[in-house]
>>> print(open('upload08.csv').read())   # CSV, C-alpha atoms
chain,number,residue,atom,x,y,z
A,58,MET,CA,-4.4,-7.4,-31.6
A,59,SER,CA,-4.2,-11.0,-32.6
A,60,THR,CA,-2.3,-14.1,-31.5
A,61,VAL,CA,-2.9,-16.3,-34.6
A,62,HIS,CA,-2.5,-13.4,-37.1
A,63,PRO,CA,-0.1,-10.9,-35.6
A,64,ILE,CA,0.6,-7.5,-37.2
A,65,VAL,CA,3.9,-5.6,-37.1
A,66,ALA,CA,4.0,-2.0,-38.1
A,67,VAL,CA,6.9,0.4,-38.7
A,68,THR,CA,5.7,4.0,-38.7
A,69,GLY,CA,7.6,7.2,-39.5
A,70,SER,CA,7.6,10.4,-41.6
A,71,SER,CA,8.7,10.7,-45.2
A,72,GLY,CA,12.5,10.6,-45.2
A,73,ALA,CA,12.7,9.0,-41.7
A,74,GLY,CA,14.3,5.8,-42.8
A,75,THR,CA,11.4,3.4,-42.4
A,76,THR,CA,12.4,1.6,-45.6
A,77,SER,CA,15.8,0.6,-44.1
A,78,VAL,CA,14.2,-0.8,-41.0
A,79,SER,CA,11.8,-2.7,-43.2
A,80,ARG,CA,14.7,-4.4,-45.0
A,81,THR,CA,16.0,-5.6,-41.6
A,82,PHE,CA,12.7,-7.1,-40.8
A,83,ALA,CA,12.6,-8.8,-44.2
A,84,GLN,CA,16.0,-10.4,-43.4
A,85,ILE,CA,14.6,-11.6,-40.0
A,86,PHE,CA,11.6,-13.0,-41.7
A,87,ARG,CA,13.7,-14.9,-44.2
A,88,ARG,CA,16.0,-16.3,-41.6
A,89,GLU,CA,13.2,-17.3,-39.2
A,90,HIS,CA,11.1,-18.7,-42.1
A,91,VAL,CA,8.2,-16.3,-41.4
A,92,ASN,CA,5.8,-16.0,-44.3
A,93,ALA,CA,4.9,-12.3,-44.1
A,94,VAL,CA,2.6,-10.2,-46.3
A,95,PHE,CA,4.0,-6.7,-46.8
A,96,VAL,CA,1.8,-3.7,-47.0
A,97,GLU,CA,2.9,-0.2,-47.9
A,98,GLY,CA,1.3,2.8,-46.3
A,99,ASP,CA,1.2,4.6,-49.7
A,100,ALA,CA,-1.4,2.0,-50.8
A,101,PHE,CA,-3.9,3.8,-48.6
A,102,HIS,CA,-3.5,7.3,-49.9
A,103,ARG,CA,-6.8,8.6,-51.0
A,104,TYR,CA,-5.6,10.2,-54.2
A,105,ASP,CA,-3.3,9.2,-57.0
A,106,ARG,CA,-0.6,11.7,-58.0
A,107,ALA,CA,-2.6,13.8,-60.4
A,108,ALA,CA,-5.7,13.9,-58.2
A,109,MET,CA,-3.6,14.8,-55.1
A,110,ALA,CA,-2.0,17.7,-57.0
A,111,GLN,CA,-5.5,18.9,-58.0
A,112,ARG,CA,-6.8,18.6,-54.4
A,113,MET,CA,-3.9,20.5,-53.0
A,114,SER,CA,-4.5,23.3,-55.6
A,115,ASP,CA,-8.2,23.4,-54.7
A,116,GLU,CA,-7.4,23.6,-51.0
A,117,ALA,CA,-4.9,26.4,-51.6
A,118,VAL,CA,-7.4,28.4,-53.5
A,119,GLY,CA,-9.7,28.0,-50.4
A,120,GLY,CA,-7.0,29.3,-48.1
A,121,ASN,CA,-5.6,25.9,-46.9
A,122,GLN,CA,-1.9,25.9,-47.7
A,123,HIS,CA,-1.2,22.8,-45.6
A,124,PHE,CA,-3.2,19.9,-47.2
A,125,SER,CA,-0.8,16.9,-47.2
A,126,HIS,CA,-0.4,13.2,-47.2
A,127,PHE,CA,0.3,13.4,-43.5
A,128,GLY,CA,-3.3,14.3,-42.7
A,129,PRO,CA,-6.3,12.0,-42.4
A,130,GLU,CA,-8.3,13.7,-45.3
A,131,ALA,CA,-5.7,12.5,-47.8
A,132,ASN,CA,-5.7,8.9,-46.6
A,133,LEU,CA,-8.0,5.9,-46.4
A,134,LEU,CA,-7.4,5.3,-42.7
A,135,GLU,CA,-10.8,3.6,-42.3
A,136,ASP,CA,-9.7,1.1,-44.9
A,137,LEU,CA,-6.3,0.6,-43.3
A,138,ALA,CA,-7.9,-0.1,-39.9
A,139,GLU,CA,-10.3,-2.5,-41.6
A,140,LEU,CA,-7.4,-4.4,-43.2
A,141,PHE,CA,-5.7,-4.7,-39.8
A,142,ARG,CA,-9.0,-5.8,-38.2
A,143,CYS,CA,-9.7,-8.4,-40.8
A,144,TYR,CA,-6.2,-9.7,-40.9
A,145,GLY,CA,-6.1,-10.0,-37.1
A,146,GLU,CA,-9.3,-11.9,-37.0
A,147,ALA,CA,-9.0,-14.2,-39.9
A,148,GLY,CA,-5.7,-13.5,-41.8
A,149,ARG,CA,-7.6,-11.8,-44.6
A,150,GLY,CA,-8.1,-8.3,-46.1
A,151,ARG,CA,-7.5,-6.1,-49.1
A,152,THR,CA,-4.6,-4.0,-50.2
A,153,ARG,CA,-3.1,-2.5,-53.3
A,154,THR,CA,0.2,-0.9,-54.6
A,155,TYR,CA,1.1,2.7,-55.2
A,156,ILE,CA,3.3,2.9,-58.3
A,157,HIS,CA,6.1,5.4,-57.4
A,158,ASP,CA,8.3,5.5,-60.6
A,159,ASP,CA,8.8,4.2,-64.1
A,160,GLU,CA,10.6,1.1,-62.9
A,161,GLU,CA,7.6,0.1,-60.9
A,162,ALA,CA,5.3,1.1,-63.7
A,163,ALA,CA,7.0,-1.4,-66.0
A,164,VAL,CA,6.4,-4.2,-63.5
A,165,HIS,CA,2.7,-3.4,-62.9
A,166,GLY,CA,1.8,-2.2,-66.4
A,167,ARG,CA,0.3,1.0,-65.1
A,168,PRO,CA,1.6,4.7,-65.1
A,169,ALA,CA,3.7,6.0,-62.3
A,170,GLY,CA,1.7,7.9,-59.8
A,171,THR,CA,-1.3,5.6,-59.9
A,172,PHE,CA,-2.6,2.6,-58.0
A,173,THR,CA,-3.0,-1.0,-58.9
A,174,SER,CA,-6.4,-2.6,-58.3
A,175,TRP,CA,-7.4,-3.8,-54.9
A,176,VAL,CA,-6.6,-7.4,-54.2
A,177,ASP,CA,-6.9,-9.9,-51.4
A,178,VAL,CA,-3.9,-10.5,-49.3
A,179,PRO,CA,-2.3,-13.9,-49.9
A,180,PRO,CA,-3.9,-16.7,-47.8
A,181,ASP,CA,-2.1,-18.7,-45.1
A,182,THR,CA,0.5,-16.1,-44.2
A,183,ASP,CA,2.1,-16.0,-40.7
A,184,LEU,CA,2.2,-12.2,-40.2
A,185,LEU,CA,1.3,-8.8,-41.7
A,186,PHE,CA,4.0,-6.3,-41.9
A,187,TYR,CA,3.1,-2.6,-42.5
A,188,GLU,CA,5.5,0.3,-43.3
A,189,GLY,CA,4.3,3.8,-43.7
A,190,LEU,CA,3.0,7.0,-42.2
A,191,HIS,CA,0.1,5.9,-40.1
A,192,GLY,CA,0.8,2.5,-38.5
A,193,GLY,CA,0.2,4.1,-35.1
A,194,ALA,CA,-2.6,6.5,-36.0
A,195,VAL,CA,-5.6,7.2,-33.8
A,196,ILE,CA,-7.5,9.9,-35.7
A,197,ASP,CA,-11.2,11.0,-35.9
A,198,GLY,CA,-12.4,7.8,-34.2
A,199,VAL,CA,-10.3,5.5,-36.4
A,200,ASP,CA,-7.9,3.4,-34.3
A,201,VAL,CA,-5.2,1.9,-36.5
A,202,ALA,CA,-2.7,1.4,-33.6
A,203,GLY,CA,-5.1,-0.7,-31.6
A,204,HIS,CA,-4.8,-3.6,-34.0
A,205,VAL,CA,-0.9,-3.7,-34.0
A,206,ASP,CA,1.0,-6.3,-32.0
A,207,LEU,CA,4.4,-4.7,-32.4
A,208,LEU,CA,4.6,-1.0,-33.3
A,209,VAL,CA,8.0,0.5,-34.1
A,210,GLY,CA,8.7,4.2,-34.6
A,211,VAL,CA,11.5,5.5,-36.7
A,212,VAL,CA,12.2,9.1,-35.7
A,213,PRO,CA,15.5,10.7,-36.6
A,214,VAL,CA,16.0,14.2,-35.2
A,215,ILE,CA,14.1,16.6,-37.4
A,216,ASN,CA,17.1,18.3,-39.2
A,217,LEU,CA,18.4,14.8,-40.1
A,218,GLU,CA,15.0,13.8,-41.3
A,219,TRP,CA,14.8,16.8,-43.6
A,220,ILE,CA,18.3,16.2,-45.0
A,221,GLN,CA,17.4,12.6,-45.8
A,222,LYS,CA,14.2,13.7,-47.5
A,223,ILE,CA,15.8,16.4,-49.5
A,224,HIS,CA,18.6,14.2,-50.8
A,225,ARG,CA,16.2,11.3,-51.5
A,226,ASP,CA,13.6,13.4,-53.4
A,227,ARG,CA,16.3,15.2,-55.4
A,228,ALA,CA,18.2,12.0,-56.3
A,229,LEU,CA,15.3,9.6,-56.9
A,230,ARG,CA,12.4,11.8,-57.9
A,231,GLY,CA,14.1,14.7,-59.6
A,232,TYR,CA,12.7,17.4,-57.3
A,233,SER,CA,14.5,20.7,-56.6
A,234,THR,CA,15.6,21.6,-53.1
A,235,GLU,CA,13.0,24.5,-53.2
A,236,ALA,CA,10.2,22.1,-54.1
A,237,VAL,CA,11.1,19.7,-51.3
A,238,THR,CA,11.3,22.6,-48.9
A,239,ASP,CA,7.8,23.7,-49.9
A,240,THR,CA,6.6,20.2,-49.2
A,241,ILE,CA,8.2,20.1,-45.8
A,242,LEU,CA,6.6,23.5,-44.9
A,243,ARG,CA,3.2,22.4,-46.2
A,244,ARG,CA,3.2,19.2,-44.2
A,245,MET,CA,4.3,20.8,-40.9
A,246,PRO,CA,0.9,21.2,-39.2
A,247,ASP,CA,-0.1,17.6,-40.1
A,248,TYR,CA,3.3,16.4,-38.9
A,249,VAL,CA,2.8,18.0,-35.5
A,250,ASN,CA,-0.9,16.9,-35.2
A,251,HIS,CA,-0.9,13.5,-36.8
A,252,ILE,CA,2.6,12.0,-37.1
A,253,CYS,CA,4.3,13.0,-33.8
A,254,PRO,CA,1.4,11.7,-31.5
A,255,GLN,CA,2.0,8.2,-33.0
A,256,PHE,CA,5.4,7.9,-31.3
A,257,THR,CA,3.7,7.9,-27.8
A,258,ARG,CA,1.9,4.7,-28.8
A,259,THR,CA,4.9,2.8,-30.2
A,260,HIS,CA,6.4,-0.1,-28.4
A,261,ILE,CA,9.9,0.9,-29.5
A,262,ASN,CA,11.3,4.1,-31.0
A,263,PHE,CA,14.5,4.3,-33.0
A,264,GLN,CA,15.9,7.8,-33.2
A,265,ARG,CA,19.1,8.6,-35.0
A,266,VAL,CA,21.0,11.6,-33.7
A,267,PRO,CA,23.9,12.9,-35.8
A,268,VAL,CA,27.1,14.0,-34.1
A,269,VAL,CA,28.0,16.4,-36.9
A,270,ASP,CA,26.6,19.8,-37.7
A,271,THR,CA,23.1,19.6,-39.3
A,272,SER,CA,22.1,23.1,-38.3
A,273,ASN,CA,21.0,24.1,-41.8
A,274,PRO,CA,19.6,21.0,-43.4
A,275,PHE,CA,18.7,22.9,-46.6
A,276,ILE,CA,22.3,23.4,-47.7
A,277,ALA,CA,23.7,20.1,-46.4
A,278,ARG,CA,25.8,18.5,-49.1
A,279,PHE,CA,25.9,15.0,-47.5
A,280,ILE,CA,23.7,12.9,-45.4
A,281,PRO,CA,25.4,12.1,-42.1
A,282,THR,CA,26.5,8.5,-42.1
A,283,LEU,CA,25.6,5.9,-39.5
A,284,ASP,CA,29.1,6.1,-38.1
A,285,GLU,CA,28.5,9.9,-37.6
A,286,SER,CA,25.4,9.2,-35.5
A,287,LEU,CA,24.2,7.7,-32.3
A,288,LEU,CA,21.1,5.6,-32.1
A,289,VAL,CA,18.7,6.2,-29.3
A,290,ILE,CA,16.4,3.3,-28.7
A,291,ARG,CA,13.4,3.8,-26.3
A,292,PHE,CA,11.3,0.9,-25.0
A,293,ARG,CA,7.9,1.8,-23.8
A,294,ASP,CA,7.9,-1.2,-21.4
A,295,PRO,CA,11.5,-2.2,-20.4
A,296,ARG,CA,10.3,-5.3,-18.6
A,297,GLY,CA,11.6,-8.5,-20.3
A,298,ILE,CA,14.3,-6.6,-22.2
A,299,ASP,CA,17.7,-8.2,-21.5
A,300,PHE,CA,19.7,-4.9,-21.3
A,301,PRO,CA,22.9,-6.5,-19.9
A,302,TYR,CA,23.0,-8.8,-23.0
A,303,LEU,CA,22.4,-6.0,-25.4
A,304,LEU,CA,25.1,-3.9,-23.7
A,305,SER,CA,27.6,-6.8,-23.9
A,306,MET,CA,26.8,-7.4,-27.6
A,307,LEU,CA,26.7,-3.7,-28.7
A,308,HIS,CA,30.2,-2.4,-27.9
A,309,ASP,CA,30.3,1.3,-26.6
A,310,SER,CA,26.5,1.3,-26.0
A,311,PHE,CA,25.1,2.6,-22.7
A,312,MET,CA,21.8,3.3,-20.9
A,313,SER,CA,20.7,6.9,-20.7
A,314,ARG,CA,17.5,6.1,-18.8
A,315,ARG,CA,16.0,2.9,-17.4
A,316,ASN,CA,14.1,2.3,-20.7
A,317,THR,CA,16.6,3.9,-23.2
A,318,LEU,CA,19.6,2.3,-24.9
A,319,VAL,CA,22.1,4.5,-26.8
A,320,VAL,CA,24.1,2.6,-29.5
A,321,PRO,CA,26.7,3.7,-32.0
A,322,GLY,CA,25.0,4.3,-35.3
A,323,GLY,CA,27.2,1.9,-37.1
A,324,LYS,CA,25.7,-0.9,-35.1
A,325,MET,CA,22.1,0.0,-36.1
A,326,ASP,CA,21.4,-3.2,-38.1
A,327,LEU,CA,22.9,-5.4,-35.4
A,328,ALA,CA,20.9,-3.7,-32.7
A,329,MET,CA,17.7,-4.2,-34.7
A,330,GLN,CA,18.5,-7.8,-35.3
A,331,LEU,CA,19.3,-8.5,-31.6
A,332,ILE,CA,16.1,-6.7,-30.5
A,333,PHE,CA,13.6,-7.7,-33.0
A,334,THR,CA,14.5,-11.4,-33.6
A,335,PRO,CA,13.4,-12.6,-30.2
A,336,MET,CA,10.2,-10.5,-30.5
A,337,ILE,CA,9.3,-12.1,-33.8
A,338,GLU,CA,10.2,-15.5,-32.4
A,339,ARG,CA,7.8,-14.9,-29.4
A,340,LEU,CA,5.0,-13.8,-31.8
A,341,MET,CA,5.4,-17.0,-33.8
A,342,GLU,CA,5.6,-19.2,-30.7
A,343,VAL,CA,2.4,-17.7,-29.3
A,344,ARG,CA,0.8,-18.1,-32.8
A,345,GLU,CA,1.7,-21.8,-32.9
A,346,ARG,CA,0.3,-22.4,-29.4
A,347,ALA,CA,-2.9,-20.7,-30.3
A,348,ARG,CA,-3.3,-22.6,-33.5
A,349,SER,CA,-2.6,-25.9,-31.8
A,350,ARG,CA,-5.5,-25.2,-29.4
>>> encode(input="upload08.csv", output="structure tokens")
Amino acid sequence: MSTVHPIVAVTGSSGAGTTSVSRTFAQIFRREHVNAVFVEGDAFHRYDRAAMAQRMSDEAVGGNQHFSHFGPEANLLEDLAELFRCYGEAGRGRTRTYIHDDEEAAVHGRPAGTFTSWVDVPPDTDLLFYEGLHGGAVIDGVDVAGHVDLLVGVVPVINLEWIQKIHRDRALRGYSTEAVTDTILRRMPDYVNHICPQFTRTHINFQRVPVVDTSNPFIARFIPTLDESLLVIRFRDPRGIDFPYLLSMLHDSFMSRRNTLVVPGGKMDLAMQLIFTPMIERLMEVRERARSR
């Protein structure tokens, strides 16, 4: 962890909604004039798209049907931890970009499914912001979470997570429902062993709970809307959280436990703005005091 070069990480599974949370943070950074460097977890996959397909095929031949991006073998977790360490110590480090689709390929001049070259993060930034699968990872002696100053988990209930992934991958990536289902099944052991444990290390978890029927996510025609959901917000340490203020600002919200706030889903963005803005302000205040010394 660092006072001069803080790190904020949003961690969650594929389809969990981490990208939406990242957009809210981007709005806060713009409003508060925070110069942040953004790092995507996909940049630290070990294999590009073709090589990953080959590795999965090889693993399947050997009897392993569960090799996935969720597991440590498919990722450069040592490099991610090193980036966090270097940034926390000196505001430096290296990252790259994974090119997801043809639109991004046109921007970077490289084929979709490949990586850009490694580059140094920009100098003189205020904060590093990470969004991806492993912001809270502690695996095989590699402690990524230990470098993070604010760790946020995005954890919709599992059926909703699957619905969101199925709809996203069909609409944006052209996959069939059967192909996405196969991916979900393949990833399940790594999800249980390497994704879920991260949510015990987070400072805050955001869990969206639909209040409509999602009992069979594989035939759901629509993603439940925010207004059809409740948002369960769990704080690891409730000290210093102004719950009376949040309850007054978030109409129809309530406390289900001393560290857990339940908010109507339609107020998700407002809730994040109210919770995260003072946290970012405090990180920047501590940073400025440390720099002045």
>>> atom_distance(input="upload08.csv", atom1="atom CA of Arg149 of chain A", atom2="atom CA of Leu185 of chain A")
9.8 Å
>>> closest_residue(input="upload08.csv", among="A:Ser305, A:Thr76, A:Asn273, A:Asn316", to="Leu331 of chain A", atoms="only C-alpha atoms")
A:Ser305
>>> closest_atom_pairs(input="upload08.csv", of="segment 61-90 of chain A", to="segment 110-128 of chain A", cutoff="12 Å", atoms="only C-alpha atoms", output="JSON lines")
{"residue": "A:Thr68", "atom": "CA", "partner": "A:Phe127", "partner_atom": "CA", "distance": 11.9}
{"residue": "A:Gly69", "atom": "CA", "partner": "A:Phe127", "partner_atom": "CA", "distance": 10.4}
{"residue": "A:Ser70", "atom": "CA", "partner": "A:Phe127", "partner_atom": "CA", "distance": 8.1}
{"residue": "A:Ser71", "atom": "CA", "partner": "A:Phe127", "partner_atom": "CA", "distance": 9.0}
>>> residues_around(input="upload08.csv", residues="segment 231-234 of chain A", least_positions_apart="3", cutoff="12 Å", atoms="only C-alpha atoms", output="MDAnalysis selection string")
chainID A and resid 158 219:228 237:241 274:278
>>> residues_near_point(input="upload08.csv", point="(-1.8, -5.6, -49.5)", cutoff="6 Å", atoms="all atoms listed in the file", output="PyMOL selection string")
chain A and resi 96+151-153+178
>>> residues_around(input="upload08.csv", residues="Thr259 of chain A", least_positions_apart="4", cutoff="8 Å", atoms="all atoms listed in the file", output="list in words")
Gly193, Leu207, Leu208, Val209, Gly210, Gln255 and Arg293 of chain A
>>> closest_residue(input="upload08.csv", among="A:His90, A:His204, A:Arg80, A:Arg106", to="Glu139 of chain A", atoms="only C-alpha atoms")
A:His204
>>> atom_distance(input="upload08.csv", atom1="atom CA of Gly192 of chain A", atom2="atom CA of Val67 of chain A")
6.5 Å
>>> residues_around(input="upload08.csv", residues="Val343 of chain A", least_positions_apart="6", cutoff="12 Å", atoms="only C-alpha atoms", output="PDB file with C-alpha atoms, in the coordinates of the input")
ATOM      1  CA  SER A  59      -4.200 -11.000 -32.600  1.00  0.00           C
ATOM      2  CA  THR A  60      -2.300 -14.100 -31.500  1.00  0.00           C
ATOM      3  CA  VAL A  61      -2.900 -16.300 -34.600  1.00  0.00           C
ATOM      4  CA  HIS A  62      -2.500 -13.400 -37.100  1.00  0.00           C
ATOM      5  CA  PRO A  63      -0.100 -10.900 -35.600  1.00  0.00           C
ATOM      6  CA  ASP A 183       2.100 -16.000 -40.700  1.00  0.00           C
ATOM      7  CA  ASP A 206       1.000  -6.300 -32.000  1.00  0.00           C
ATOM      8  CA  MET A 336      10.200 -10.500 -30.500  1.00  0.00           C
ATOM      9  CA  ILE A 337       9.300 -12.100 -33.800  1.00  0.00           C
ATOM     10  CA  SER A 349      -2.600 -25.900 -31.800  1.00  0.00           C
ATOM     11  CA  ARG A 350      -5.500 -25.200 -29.400  1.00  0.00           C
TER      12      ARG A 350
END
>>> residues_around(input="upload08.csv", residues="Thr282 of chain A", least_positions_apart="4", cutoff="12 Å", atoms="only C-alpha atoms", output="number ranges by chain")
A: 217, 220-221, 265-269, 271, 286-288, 321-325
>>> atom_distance(input="upload08.csv", atom1="atom CA of Met341 of chain A", atom2="atom CA of Val211 of chain A")
23.5 Å
>>> decode(input="upload08.csv", residues="segment 144-161 of chain A", atoms="N, CA, C and O atoms", output="mmCIF file, in the first residue's frame")
data_model
loop_
_atom_site.group_PDB
_atom_site.id
_atom_site.type_symbol
_atom_site.label_atom_id
_atom_site.label_comp_id
_atom_site.auth_asym_id
_atom_site.auth_seq_id
_atom_site.Cartn_x
_atom_site.Cartn_y
_atom_site.Cartn_z
ATOM 1 N N TYR A 144 4.423 0.759 -8.775
ATOM 2 C CA TYR A 144 3.628 1.983 -8.769
ATOM 3 C C TYR A 144 3.493 2.519 -7.348
ATOM 4 O O TYR A 144 3.632 3.728 -7.113
ATOM 5 N N GLY A 145 3.226 1.649 -6.384
ATOM 6 C CA GLY A 145 3.085 2.101 -5.008
ATOM 7 C C GLY A 145 4.344 2.745 -4.468
ATOM 8 O O GLY A 145 4.290 3.687 -3.681
ATOM 9 N N GLU A 146 5.501 2.239 -4.898
ATOM 10 C CA GLU A 146 6.768 2.773 -4.394
ATOM 11 C C GLU A 146 7.210 4.039 -5.111
ATOM 12 O O GLU A 146 7.746 4.961 -4.482
ATOM 13 N N ALA A 147 6.980 4.107 -6.427
ATOM 14 C CA ALA A 147 7.563 5.220 -7.181
ATOM 15 C C ALA A 147 6.671 5.764 -8.283
ATOM 16 O O ALA A 147 7.096 6.613 -9.061
ATOM 17 N N GLY A 148 5.426 5.285 -8.385
ATOM 18 C CA GLY A 148 4.556 5.769 -9.450
ATOM 19 C C GLY A 148 4.962 5.279 -10.822
ATOM 20 O O GLY A 148 4.636 5.907 -11.835
ATOM 21 N N ARG A 149 5.630 4.117 -10.860
ATOM 22 C CA ARG A 149 6.121 3.577 -12.125
ATOM 23 C C ARG A 149 5.604 2.156 -12.332
ATOM 24 O O ARG A 149 4.968 1.567 -11.476
ATOM 25 N N GLY A 150 5.939 1.605 -13.508
ATOM 26 C CA GLY A 150 5.544 0.238 -13.818
ATOM 27 C C GLY A 150 5.245 0.087 -15.291
ATOM 28 O O GLY A 150 5.270 1.060 -16.061
ATOM 29 N N ARG A 151 4.960 -1.167 -15.691
ATOM 30 C CA ARG A 151 4.683 -1.461 -17.096
ATOM 31 C C ARG A 151 3.328 -2.140 -17.237
ATOM 32 O O ARG A 151 2.925 -2.950 -16.405
ATOM 33 N N THR A 152 2.663 -1.808 -18.333
ATOM 34 C CA THR A 152 1.407 -2.472 -18.649
ATOM 35 C C THR A 152 1.278 -2.547 -20.166
ATOM 36 O O THR A 152 2.159 -2.108 -20.914
ATOM 37 N N ARG A 153 0.165 -3.117 -20.625
ATOM 38 C CA ARG A 153 -0.113 -3.223 -22.045
ATOM 39 C C ARG A 153 -1.619 -3.284 -22.210
ATOM 40 O O ARG A 153 -2.372 -3.162 -21.232
ATOM 41 N N THR A 154 -2.084 -3.490 -23.435
ATOM 42 C CA THR A 154 -3.515 -3.532 -23.721
ATOM 43 C C THR A 154 -3.849 -4.820 -24.465
ATOM 44 O O THR A 154 -3.140 -5.204 -25.401
ATOM 45 N N TYR A 155 -4.914 -5.482 -24.028
ATOM 46 C CA TYR A 155 -5.455 -6.619 -24.782
ATOM 47 C C TYR A 155 -6.506 -6.081 -25.744
ATOM 48 O O TYR A 155 -7.408 -5.339 -25.339
ATOM 49 N N ILE A 156 -6.398 -6.458 -27.008
ATOM 50 C CA ILE A 156 -7.286 -5.938 -28.048
ATOM 51 C C ILE A 156 -8.461 -6.892 -28.203
ATOM 52 O O ILE A 156 -8.314 -8.000 -28.706
ATOM 53 N N HIS A 157 -9.647 -6.451 -27.776
ATOM 54 C CA HIS A 157 -10.801 -7.337 -27.708
ATOM 55 C C HIS A 157 -11.494 -7.558 -29.047
ATOM 56 O O HIS A 157 -11.981 -8.648 -29.323
ATOM 57 N N ASP A 158 -11.589 -6.508 -29.873
ATOM 58 C CA ASP A 158 -12.439 -6.596 -31.057
ATOM 59 C C ASP A 158 -11.855 -5.772 -32.196
ATOM 60 O O ASP A 158 -10.788 -5.150 -32.066
ATOM 61 N N ASP A 159 -12.559 -5.763 -33.316
ATOM 62 C CA ASP A 159 -12.060 -5.079 -34.512
ATOM 63 C C ASP A 159 -11.991 -3.567 -34.312
ATOM 64 O O ASP A 159 -11.123 -2.899 -34.890
ATOM 65 N N GLU A 160 -12.907 -3.033 -33.526
ATOM 66 C CA GLU A 160 -12.872 -1.587 -33.274
ATOM 67 C C GLU A 160 -11.591 -1.194 -32.541
ATOM 68 O O GLU A 160 -10.928 -0.216 -32.911
ATOM 69 N N GLU A 161 -11.228 -1.967 -31.531
ATOM 70 C CA GLU A 161 -9.976 -1.700 -30.829
ATOM 71 C C GLU A 161 -8.773 -1.999 -31.721
ATOM 72 O O GLU A 161 -7.737 -1.327 -31.639
#
